[in-house]
>>> print(open('start.cif').read())   # mmCIF, C-alpha atoms
data_query
#
loop_
_atom_site.group_PDB
_atom_site.id
_atom_site.type_symbol
_atom_site.label_atom_id
_atom_site.label_comp_id
_atom_site.auth_asym_id
_atom_site.auth_seq_id
_atom_site.Cartn_x
_atom_site.Cartn_y
_atom_site.Cartn_z
ATOM 1 C CA MET A 1 -1.674 14.481 -24.687
ATOM 2 C CA TYR A 2 -0.092 16.434 -21.836
ATOM 3 C CA ARG A 3 -0.471 16.691 -18.077
ATOM 4 C CA TRP A 4 1.021 19.080 -15.539
ATOM 5 C CA CYS A 5 3.586 18.377 -12.811
ATOM 6 C CA SER A 6 1.965 18.662 -9.365
ATOM 7 C CA ARG A 7 5.109 20.269 -7.907
ATOM 8 C CA CYS A 8 6.411 22.815 -10.472
ATOM 9 C CA ASN A 9 3.334 22.990 -12.749
ATOM 10 C CA GLU A 10 5.380 22.367 -15.911
ATOM 11 C CA LYS A 11 3.859 20.508 -18.839
ATOM 12 C CA ARG A 12 4.807 16.822 -19.144
ATOM 13 C CA ARG A 13 3.884 14.115 -21.622
ATOM 14 C CA GLU A 14 1.208 11.516 -20.816
ATOM 15 C CA GLY A 15 2.859 8.478 -19.207
ATOM 16 C CA GLU A 16 5.975 10.403 -18.121
ATOM 17 C CA ILE A 17 6.487 9.537 -14.458
ATOM 18 C CA ILE A 18 9.481 11.778 -13.626
ATOM 19 C CA CYS A 19 9.145 15.528 -14.295
ATOM 20 C CA GLN A 20 11.972 16.593 -16.623
ATOM 21 C CA VAL A 21 12.160 20.043 -14.967
ATOM 22 C CA CYS A 22 12.104 19.405 -11.194
ATOM 23 C CA GLN A 23 12.603 15.595 -11.139
ATOM 24 C CA HIS A 24 9.427 15.181 -9.072
ATOM 25 C CA SER A 25 8.068 11.654 -9.222
ATOM 26 C CA THR A 26 4.493 11.790 -10.442
ATOM 27 C CA ASP A 27 2.036 9.526 -8.722
ATOM 28 C CA ILE A 28 0.315 6.687 -10.501
ATOM 29 C CA GLU A 29 -3.305 6.699 -9.428
ATOM 30 C CA LEU A 30 -5.438 3.648 -10.052
ATOM 31 C CA ASP A 31 -9.017 3.978 -11.150
ATOM 32 C CA ILE A 32 -11.977 2.063 -9.724
ATOM 33 C CA ASN A 33 -12.445 -1.163 -11.745
ATOM 34 C CA ASP A 34 -8.797 -1.240 -12.892
ATOM 35 C CA SER A 35 -7.468 -4.797 -13.006
ATOM 36 C CA LEU A 36 -4.132 -5.846 -11.519
ATOM 37 C CA ARG A 37 -2.844 -9.253 -12.555
ATOM 38 C CA ILE A 38 -0.583 -11.061 -10.096
ATOM 39 C CA ASP A 39 -0.234 -14.166 -12.255
ATOM 40 C CA SER A 40 -2.236 -16.046 -14.876
ATOM 41 C CA LYS A 41 -4.762 -17.226 -12.263
ATOM 42 C CA ARG A 42 -5.032 -14.313 -9.859
ATOM 43 C CA GLU A 43 -6.332 -10.912 -10.794
ATOM 44 C CA PHE A 44 -7.652 -8.158 -8.546
ATOM 45 C CA VAL A 45 -10.182 -5.471 -9.452
ATOM 46 C CA VAL A 46 -9.807 -2.141 -7.631
ATOM 47 C CA THR A 47 -12.949 -1.208 -5.683
ATOM 48 C CA LYS A 48 -11.898 1.703 -3.440
ATOM 49 C CA GLN A 49 -8.916 3.898 -2.571
ATOM 50 C CA LEU A 50 -7.968 3.475 1.112
ATOM 51 C CA SER A 51 -5.037 5.929 1.290
ATOM 52 C CA HIS A 52 -3.499 8.480 -1.037
ATOM 53 C CA PHE A 53 0.060 9.262 -2.042
ATOM 54 C CA THR A 54 1.664 11.933 0.128
ATOM 55 C CA ASP A 55 4.901 13.831 -0.503
ATOM 56 C CA ALA A 56 6.641 11.996 2.346
ATOM 57 C CA GLY A 57 5.004 8.611 1.795
ATOM 58 C CA MET A 58 6.090 5.862 -0.536
ATOM 59 C CA SER A 59 2.769 4.342 -1.541
ATOM 60 C CA ALA A 60 -0.980 4.473 -1.853
ATOM 61 C CA VAL A 61 -3.287 1.636 -0.805
ATOM 62 C CA TYR A 62 -6.384 0.354 -2.591
ATOM 63 C CA LEU A 63 -9.054 -2.170 -1.672
ATOM 64 C CA ALA A 64 -9.434 -4.774 -4.395
ATOM 65 C CA ALA A 65 -11.544 -7.890 -4.913
ATOM 66 C CA ARG A 66 -10.275 -11.104 -6.457
ATOM 67 C CA LYS A 67 -11.807 -11.318 -9.928
ATOM 68 C CA ASP A 68 -12.431 -15.067 -9.642
ATOM 69 C CA LYS A 69 -13.675 -14.827 -6.012
ATOM 70 C CA PRO A 70 -15.352 -11.414 -5.534
ATOM 71 C CA ALA A 71 -15.932 -12.046 -1.813
ATOM 72 C CA MET A 72 -12.142 -12.247 -1.243
ATOM 73 C CA PHE A 73 -10.510 -8.852 -0.769
ATOM 74 C CA GLY A 74 -6.919 -7.726 -0.654
ATOM 75 C CA ALA A 75 -5.189 -4.436 0.000
ATOM 76 C CA ILE A 76 -3.085 -3.416 -2.991
ATOM 77 C CA LYS A 77 -0.100 -1.253 -2.050
ATOM 78 C CA VAL A 78 1.247 0.741 -5.023
ATOM 79 C CA ALA A 79 4.697 2.350 -4.874
ATOM 80 C CA LYS A 80 5.637 5.799 -6.041
ATOM 81 C CA PRO A 81 8.032 5.371 -8.979
ATOM 82 C CA ASN A 82 10.960 6.725 -6.945
ATOM 83 C CA ARG A 83 10.225 4.465 -3.924
ATOM 84 C CA VAL A 84 10.186 1.046 -5.603
ATOM 85 C CA GLN A 85 13.255 -0.264 -3.739
ATOM 86 C CA ALA A 86 11.671 0.645 -0.394
ATOM 87 C CA LEU A 87 8.498 -1.222 -1.402
ATOM 88 C CA GLU A 88 10.572 -4.259 -2.417
ATOM 89 C CA ARG A 89 12.342 -4.220 0.980
ATOM 90 C CA GLU A 90 8.983 -3.987 2.751
ATOM 91 C CA ALA A 91 7.722 -7.016 0.801
ATOM 92 C CA GLU A 92 10.877 -8.980 1.709
ATOM 93 C CA HIS A 93 10.413 -8.103 5.393
ATOM 94 C CA LEU A 94 6.728 -9.035 5.385
ATOM 95 C CA GLN A 95 7.560 -12.418 3.830
ATOM 96 C CA LYS A 96 9.792 -13.224 6.797
ATOM 97 C CA LEU A 97 7.458 -12.061 9.570
ATOM 98 C CA LYS A 98 4.723 -14.499 10.640
ATOM 99 C CA HIS A 99 2.687 -13.077 13.515
ATOM 100 C CA ASP A 100 -1.034 -12.837 14.288
ATOM 101 C CA HIS A 101 -0.890 -9.025 14.431
ATOM 102 C CA ILE A 102 1.255 -8.403 11.339
ATOM 103 C CA ILE A 103 -0.504 -8.495 7.974
ATOM 104 C CA ARG A 104 0.781 -10.963 5.400
ATOM 105 C CA LEU A 105 1.461 -10.726 1.705
ATOM 106 C CA VAL A 106 -1.257 -12.471 -0.294
ATOM 107 C CA HIS A 107 1.047 -13.713 -3.052
ATOM 108 C CA PRO A 108 4.639 -12.929 -2.065
ATOM 109 C CA GLU A 109 6.209 -14.781 -4.977
ATOM 110 C CA LYS A 110 4.445 -12.653 -7.619
ATOM 111 C CA ALA A 111 4.117 -9.365 -5.816
ATOM 112 C CA LEU A 112 6.125 -6.613 -7.378
ATOM 113 C CA TRP A 113 5.318 -5.375 -10.874
ATOM 114 C CA GLN A 114 3.398 -5.477 -14.108
ATOM 115 C CA ASP A 115 2.933 -3.306 -17.193
ATOM 116 C CA TYR A 116 0.208 -0.756 -16.674
ATOM 117 C CA LYS A 117 -1.480 2.001 -18.682
ATOM 118 C CA ASP A 118 0.635 3.989 -21.163
ATOM 119 C CA ASN A 119 3.424 1.367 -20.960
ATOM 120 C CA THR A 120 4.164 2.479 -17.399
ATOM 121 C CA THR A 121 5.493 -0.145 -15.014
ATOM 122 C CA LEU A 122 3.389 -0.257 -11.880
ATOM 123 C CA HIS A 123 5.077 -1.638 -8.766
ATOM 124 C CA PHE A 124 2.711 -3.119 -6.203
ATOM 125 C CA PHE A 125 2.025 -5.988 -3.865
ATOM 126 C CA ALA A 126 -1.151 -7.518 -2.469
ATOM 127 C CA LEU A 127 -1.709 -7.760 1.290
ATOM 128 C CA GLU A 128 -4.353 -9.295 3.495
ATOM 129 C CA TYR A 129 -7.190 -6.851 4.025
ATOM 130 C CA MET A 130 -8.203 -6.351 7.625
ATOM 131 C CA ASP A 131 -11.781 -5.110 7.767
ATOM 132 C CA GLY A 132 -12.968 -2.914 10.601
ATOM 133 C CA GLY A 133 -11.023 0.285 10.068
ATOM 134 C CA SER A 134 -7.854 1.611 11.601
ATOM 135 C CA LEU A 135 -7.142 2.933 15.070
ATOM 136 C CA LYS A 136 -7.010 6.372 13.447
ATOM 137 C CA ASP A 137 -10.608 5.845 12.238
ATOM 138 C CA LYS A 138 -11.737 4.833 15.742
ATOM 139 C CA LEU A 139 -10.032 7.845 17.316
ATOM 140 C CA SER A 140 -11.541 10.267 14.800
ATOM 141 C CA GLN A 141 -15.022 8.956 15.681
ATOM 142 C CA LYS A 142 -14.583 8.626 19.421
ATOM 143 C CA LYS A 143 -11.667 10.985 20.269
ATOM 144 C CA LYS A 144 -10.725 8.916 23.336
ATOM 145 C CA LEU A 145 -10.620 5.222 24.190
ATOM 146 C CA SER A 146 -11.282 3.852 27.647
ATOM 147 C CA LEU A 147 -8.549 1.846 29.334
ATOM 148 C CA SER A 148 -10.447 -1.385 28.654
ATOM 149 C CA GLU A 149 -10.615 -0.480 24.929
ATOM 150 C CA ALA A 150 -7.024 0.789 24.630
ATOM 151 C CA ALA A 151 -5.221 -1.927 26.627
ATOM 152 C CA PRO A 152 -5.764 -4.850 24.196
ATOM 153 C CA ILE A 153 -4.769 -2.651 21.242
ATOM 154 C CA VAL A 154 -1.566 -1.444 22.919
ATOM 155 C CA LEU A 155 -0.742 -5.008 23.988
ATOM 156 C CA ALA A 156 -1.268 -6.430 20.473
ATOM 157 C CA VAL A 157 0.781 -3.672 18.816
ATOM 158 C CA GLY A 158 3.520 -4.039 21.434
ATOM 159 C CA ARG A 159 3.725 -7.803 20.905
ATOM 160 C CA ALA A 160 3.882 -7.395 17.120
ATOM 161 C CA LEU A 161 6.625 -4.750 17.371
ATOM 162 C CA ALA A 162 8.598 -6.857 19.879
ATOM 163 C CA TYR A 163 8.359 -9.855 17.514
ATOM 164 C CA ALA A 164 9.548 -7.723 14.581
ATOM 165 C CA HIS A 165 12.455 -6.339 16.644
ATOM 166 C CA ARG A 166 13.501 -9.842 17.771
ATOM 167 C CA ASN A 167 13.654 -10.747 14.090
ATOM 168 C CA GLY A 168 15.839 -7.774 13.155
ATOM 169 C CA PHE A 169 13.195 -5.377 11.843
ATOM 170 C CA VAL A 170 12.412 -1.882 13.069
ATOM 171 C CA HIS A 171 9.126 -0.235 12.048
ATOM 172 C CA LEU A 172 9.846 3.422 11.361
ATOM 173 C CA ASP A 173 6.282 4.640 10.863
ATOM 174 C CA VAL A 174 4.016 3.420 13.676
ATOM 175 C CA LYS A 175 0.863 5.516 13.868
ATOM 176 C CA PRO A 176 -2.816 5.020 14.717
#
>>> encode(input="start.cif", output="structure tokens")
Amino acid sequence: MYRWCSRCNEKRREGEIICQVCQHSTDIELDINDSLRIDSKREFVVTKQLSHFTDAGMSAVYLAARKDKPAMFGAIKVAKPNRVQALEREAEHLQKLKHDHIIRLVHPEKALWQDYKDNTTLHFFALEYMDGGSLKDKLSQKKKLSLSEAAPIVLAVGRALAYAHRNGFVHLDVKP
């Protein structure tokens, strides 16, 4: 079976993750109800896609429920095949940062890969899932926040970034 490269539109074989013509890294998209095993006891089932791969980005994020505890959710961050090292560095950084306003890895010791469909290796880690939407979601609904709404958000983000900086980390992609 064949698919087509999303960049140059050349034919590629099923399971091929790097286009042989333009070297574009094809994105691995998870399907709803796919299972991701972290270890023999912990397995997540994908329930919803939260963000998509972009050309500039390194990952996509999915909402997933623990198979053994369906009420427990995690955010599964899946790396593009050509951005695995960046994802590994992010996981290492998150393991070291312990702050109320910085999400944590769910299972840092077992976070980075497994065999997936078509013998493809899927690189991912599981994060805490923070319900309630993003600041971007709030701004798209409301357009503007009052000072009393914005101040606690700016303060919390500022404290988290200051903590990360004190610990030698610089966040290069802060956005709502």
>>> resolve_selection(input="start.cif", expression="the PyMOL selection byres ((chain A and resi 97-104) around 6)", output="PyMOL selection string")
chain A and resi 94-96+105+127-128+160
>>> write_last_selection(input="start.cif", atoms="C-alpha atoms", output="PDB file, in the coordinates of the input")
ATOM      1  CA  LEU A  94       6.728  -9.035   5.385  1.00  0.00           C
ATOM      2  CA  GLN A  95       7.560 -12.418   3.830  1.00  0.00           C
ATOM      3  CA  LYS A  96       9.792 -13.224   6.797  1.00  0.00           C
ATOM      4  CA  LEU A 105       1.461 -10.726   1.705  1.00  0.00           C
ATOM      5  CA  LEU A 127      -1.709  -7.760   1.290  1.00  0.00           C
ATOM      6  CA  GLU A 128      -4.353  -9.295   3.495  1.00  0.00           C
ATOM      7  CA  ALA A 160       3.882  -7.395  17.120  1.00  0.00           C
TER       8      ALA A 160
END
>>> resolve_selection(input="start.cif", expression="the PyMOL selection byres ((chain A and resi 68) around 9)", output="PyMOL selection string")
chain A and resi 41-44+65-67+69-70+72
>>> atom_distance(input="start.cif", atom1="CA of Glu88 (chain A)", atom2="CA of Val61 (chain A)")
15.1 Å
>>> residues_around(input="start.cif", residues="Gly133 (chain A)", least_positions_apart="6", cutoff="12 Å", atoms="only C-alpha atoms", output="PDB file with C-alpha atoms, keeping the file's coordinate frame")
ATOM      1  CA  LEU A  50      -7.968   3.475   1.112  1.00  0.00           C
ATOM      2  CA  LEU A 139     -10.032   7.845  17.316  1.00  0.00           C
ATOM      3  CA  SER A 140     -11.541  10.267  14.800  1.00  0.00           C
ATOM      4  CA  GLN A 141     -15.022   8.956  15.681  1.00  0.00           C
ATOM      5  CA  PRO A 176      -2.816   5.020  14.717  1.00  0.00           C
TER       6      PRO A 176
END
>>> atom_distance(input="start.cif", atom1="CA of His93 (chain A)", atom2="CA of Pro81 (chain A)")
19.8 Å
>>> atom_distance(input="start.cif", atom1="CA of Phe124 (chain A)", atom2="CA of Ser59 (chain A)")
8.8 Å
>>> residues_near_point(input="start.cif", point="(-11.3, -4.5, -10.8)", cutoff="7 Å", atoms="only C-alpha atoms", output="JSON list (two decimals) with C-alpha atoms, keeping the file's coordinate frame")
[["chain", "number", "residue", "atom", "x", "y", "z"],
["A", 32, "ILE", "CA", -11.98, 2.06, -9.72],
["A", 33, "ASN", "CA", -12.44, -1.16, -11.74],
["A", 34, "ASP", "CA", -8.80, -1.24, -12.89],
["A", 35, "SER", "CA", -7.47, -4.80, -13.01],
["A", 44, "PHE", "CA", -7.65, -8.16, -8.55],
["A", 45, "VAL", "CA", -10.18, -5.47, -9.45],
["A", 46, "VAL", "CA", -9.81, -2.14, -7.63],
["A", 47, "THR", "CA", -12.95, -1.21, -5.68],
["A", 64, "ALA", "CA", -9.43, -4.77, -4.39],
["A", 65, "ALA", "CA", -11.54, -7.89, -4.91],
["A", 67, "LYS", "CA", -11.81, -11.32, -9.93]]
